[in-house]
Amino acid sequence: MYLSKKVSGILFALIIASIIEVAMVTGYYATVAEGDPTFFNRIFVLAGGNFLTGGYIQWLTFFAFFWSMIEIRDCFRNINEQKKGYKLKLLPTNDKIVLMAQDVMEILVKAQEAEKRKNKNLVTNIIKKACTKFRTSKNISEMIEIISIQTEIDKNKSESDQSNIRYLTWLIPSVGFIGTVLGISQALTIANSGDMQLITSTLGVAFDTTLVALILSIIVMWFYHKLQEETDRLHDEIKEYVIENLVNKVEA
């Protein structure tokens, strides 16, 4: 399931990047045929319309960009799924309620039943572990400790799940710089020809790759930092929810 989801994300990003690149190539050759050196021709070149002389770099950049955005979207969806654990209402939110040992066991059973109904998430998992620890130790301090440990484990798993996004955010500008290096190398190769127009055009394509990559990188990094913020908030809110509505209400 996880692998098929990853593959579908890659294929979707590949399709979107290819559609954009085909549109840019089509627009580029249409403006060239019309002898149009104006604004639109420049935009098509910037976005990789001249595929054979460097536009393939932009295509790779677009592919990495959309792949990372799909991964980020999936992580945001997972966060929303985890928040559904609150809707199960496994813990009492009334401040006047006091939980006895038997009440904690009933909450444990409810959490286990919820997971059997395929409602397993971070909320039910922490509740289950906290209740199990109280059943064996009857110690509130140990309950808090297990909640803190489990929260850290969940945070580490979230960071691991986002490792591919971190790689792609690094890859996007790197691909752009590679395009620049290749373009400069090509320009130096043809420098002996003395064709300044060709040299200038080659250098323009070289720096276009970095410009596109940096713009896309700025967009991706904003969403990625927003994802990190939401991820940290999720784990902190779950920890606070369990401590407030379970640990603080337990009568030791």
# chains A, B, ... in the order shown; residues from 1 in each chain; ligands from 1

call {"tool": "residues_around", "arguments": {"residues": "Glu113 (chain A)", "least_positions_apart": "5", "cutoff": "12 Å", "atoms": "only C-alpha atoms", "output": "list in words"}}
result
Leu88, Leu90, Glu106, Ile107, Leu108, Lys118, Asn119, Lys120, Thr124, Asn125 and Lys128 of chain A

call {"tool": "residues_around", "arguments": {"residues": "region 155-170 of chain A", "least_positions_apart": "6", "cutoff": "9 Å", "atoms": "only C-alpha atoms", "output": "PyMOL selection string"}}
result
chain A and resi 64-65+67-69+71-72+75+217+220-221+224+228+231-232+235

call {"tool": "closest_residue", "arguments": {"among": "A:Glu34, A:Glu115, A:Glu244, A:Ser174", "to": "Pro92 (chain A)", "atoms": "only C-alpha atoms"}}
result
A:Glu244

call {"tool": "residues_around", "arguments": {"residues": "Ile184 (chain A)", "least_positions_apart": "5", "cutoff": "10 Å", "atoms": "only C-alpha atoms", "output": "list in words"}}
result
Ile178, Gly179, Thr189, Ile199, Thr202, Leu203, Gly204, Val205, Ala206 and Phe207 of chain A

call {"tool": "write_last_selection", "arguments": {"atoms": "C-alpha atoms", "output": "PDB file, in the first residue's frame"}}
result
ATOM      1  CA  ILE A 178      23.960  21.439 -12.552  1.00  0.00           C
ATOM      2  CA  GLY A 179      22.159  23.015 -15.494  1.00  0.00           C
ATOM      3  CA  THR A 189      33.383  24.890 -25.598  1.00  0.00           C
ATOM      4  CA  ILE A 199      27.413  31.985 -26.618  1.00  0.00           C
ATOM      5  CA  THR A 202      23.800  29.272 -24.187  1.00  0.00           C
ATOM      6  CA  LEU A 203      24.673  31.273 -21.076  1.00  0.00           C
ATOM      7  CA  GLY A 204      21.088  32.541 -20.892  1.00  0.00           C
ATOM      8  CA  VAL A 205      19.765  28.988 -20.864  1.00  0.00           C
ATOM      9  CA  ALA A 206      22.368  28.056 -18.236  1.00  0.00           C
ATOM     10  CA  PHE A 207      21.262  30.727 -15.796  1.00  0.00           C
TER      11      PHE A 207
END

call {"tool": "residues_around", "arguments": {"residues": "Ala213 (chain A)", "least_positions_apart": "4", "cutoff": "10 Å", "atoms": "only C-alpha atoms", "output": "ChimeraX atom specification"}}
result
/A:57-58,60-62,64-65,171-177,179,207-209,217-218

call {"tool": "closest_residue", "arguments": {"among": "A:Lys110, A:Lys129, A:Lys87, A:Arg77", "to": "Thr151 (chain A)", "atoms": "only C-alpha atoms"}}
result
A:Lys129

call {"tool": "closest_residue", "arguments": {"among": "A:Gly85, A:Lys5, A:Val247, A:Ala30", "to": "Glu142 (chain A)", "atoms": "only C-alpha atoms"}}
result
A:Val247

call {"tool": "residues_around", "arguments": {"residues": "Tyr86 (chain A)", "least_positions_apart": "5", "cutoff": "12 Å", "atoms": "only C-alpha atoms", "output": "list in words"}}
result
Asn80, Glu81, Leu91, Pro92, Thr93, Ala111, Ala114, Asn119, Lys120, Asn121, Leu122, Val123, Thr124, Ile127, Leu234, Glu237, Ile238, Lys239, Tyr241, Val242 and Asn245 of chain A

call {"tool": "write_last_selection", "arguments": {"atoms": "C-alpha atoms", "output": "mmCIF file, in the first residue's frame"}}
result
data_model
loop_
_atom_site.group_PDB
_atom_site.id
_atom_site.type_symbol
_atom_site.label_atom_id
_atom_site.label_comp_id
_atom_site.auth_asym_id
_atom_site.auth_seq_id
_atom_site.Cartn_x
_atom_site.Cartn_y
_atom_site.Cartn_z
ATOM 1 C CA ASN A 80 -5.778 15.531 9.311
ATOM 2 C CA GLU A 81 -6.380 11.793 9.610
ATOM 3 C CA LEU A 91 -11.267 10.614 27.134
ATOM 4 C CA PRO A 92 -13.590 12.752 29.257
ATOM 5 C CA THR A 93 -13.099 16.480 28.759
ATOM 6 C CA ALA A 111 -9.018 2.328 22.740
ATOM 7 C CA ALA A 114 -11.341 1.523 18.348
ATOM 8 C CA ASN A 119 -9.428 3.596 13.886
ATOM 9 C CA LYS A 120 -5.817 3.194 14.969
ATOM 10 C CA ASN A 121 -3.978 6.509 15.130
ATOM 11 C CA LEU A 122 -1.535 8.399 17.322
ATOM 12 C CA VAL A 123 -4.230 9.374 19.826
ATOM 13 C CA THR A 124 -5.507 5.831 20.455
ATOM 14 C CA ILE A 127 -3.965 6.416 25.285
ATOM 15 C CA LEU A 234 0.062 17.756 16.201
ATOM 16 C CA GLU A 237 -1.461 18.758 21.075
ATOM 17 C CA ILE A 238 -1.910 14.992 21.387
ATOM 18 C CA LYS A 239 0.445 14.896 24.370
ATOM 19 C CA TYR A 241 -4.770 16.214 25.266
ATOM 20 C CA VAL A 242 -3.846 12.919 26.941
ATOM 21 C CA ASN A 245 -7.918 14.517 30.051
#

call {"tool": "atom_distance", "arguments": {"atom1": "CA of Tyr28 (chain A)", "atom2": "CA of Val45 (chain A)"}}
result
6.6 Å

call {"tool": "atom_distance", "arguments": {"atom1": "CA of Ile15 (chain A)", "atom2": "CA of Phe63 (chain A)"}}
result
8.4 Å

call {"tool": "closest_residue", "arguments": {"among": "A:Ile243, A:Ile126, A:Ile70, A:Val22", "to": "Phe51 (chain A)", "atoms": "only C-alpha atoms"}}
result
A:Val22

call {"tool": "residues_around", "arguments": {"residues": "Ile140 (chain A)", "least_positions_apart": "2", "cutoff": "8 Å", "atoms": "only C-alpha atoms", "output": "count of residues only"}}
result
8

call {"tool": "atom_distance", "arguments": {"atom1": "CA of Met24 (chain A)", "atom2": "CA of Ser185 (chain A)"}}
result
24.5 Å

call {"tool": "residues_around", "arguments": {"residues": "Glu251 (chain A)", "least_positions_apart": "6", "cutoff": "8 Å", "atoms": "only C-alpha atoms", "output": "number ranges by chain"}}
result
A: 98-101

call {"tool": "closest_residue", "arguments": {"among": "A:Thr180, A:Gln150, A:Asn94, A:Thr136", "to": "Thr210 (chain A)", "atoms": "only C-alpha atoms"}}
result
A:Thr180

call {"tool": "closest_residue", "arguments": {"among": "A:Ile153, A:Ile147, A:Val212, A:Ile219", "to": "Trp59 (chain A)", "atoms": "only C-alpha atoms"}}
result
A:Val212
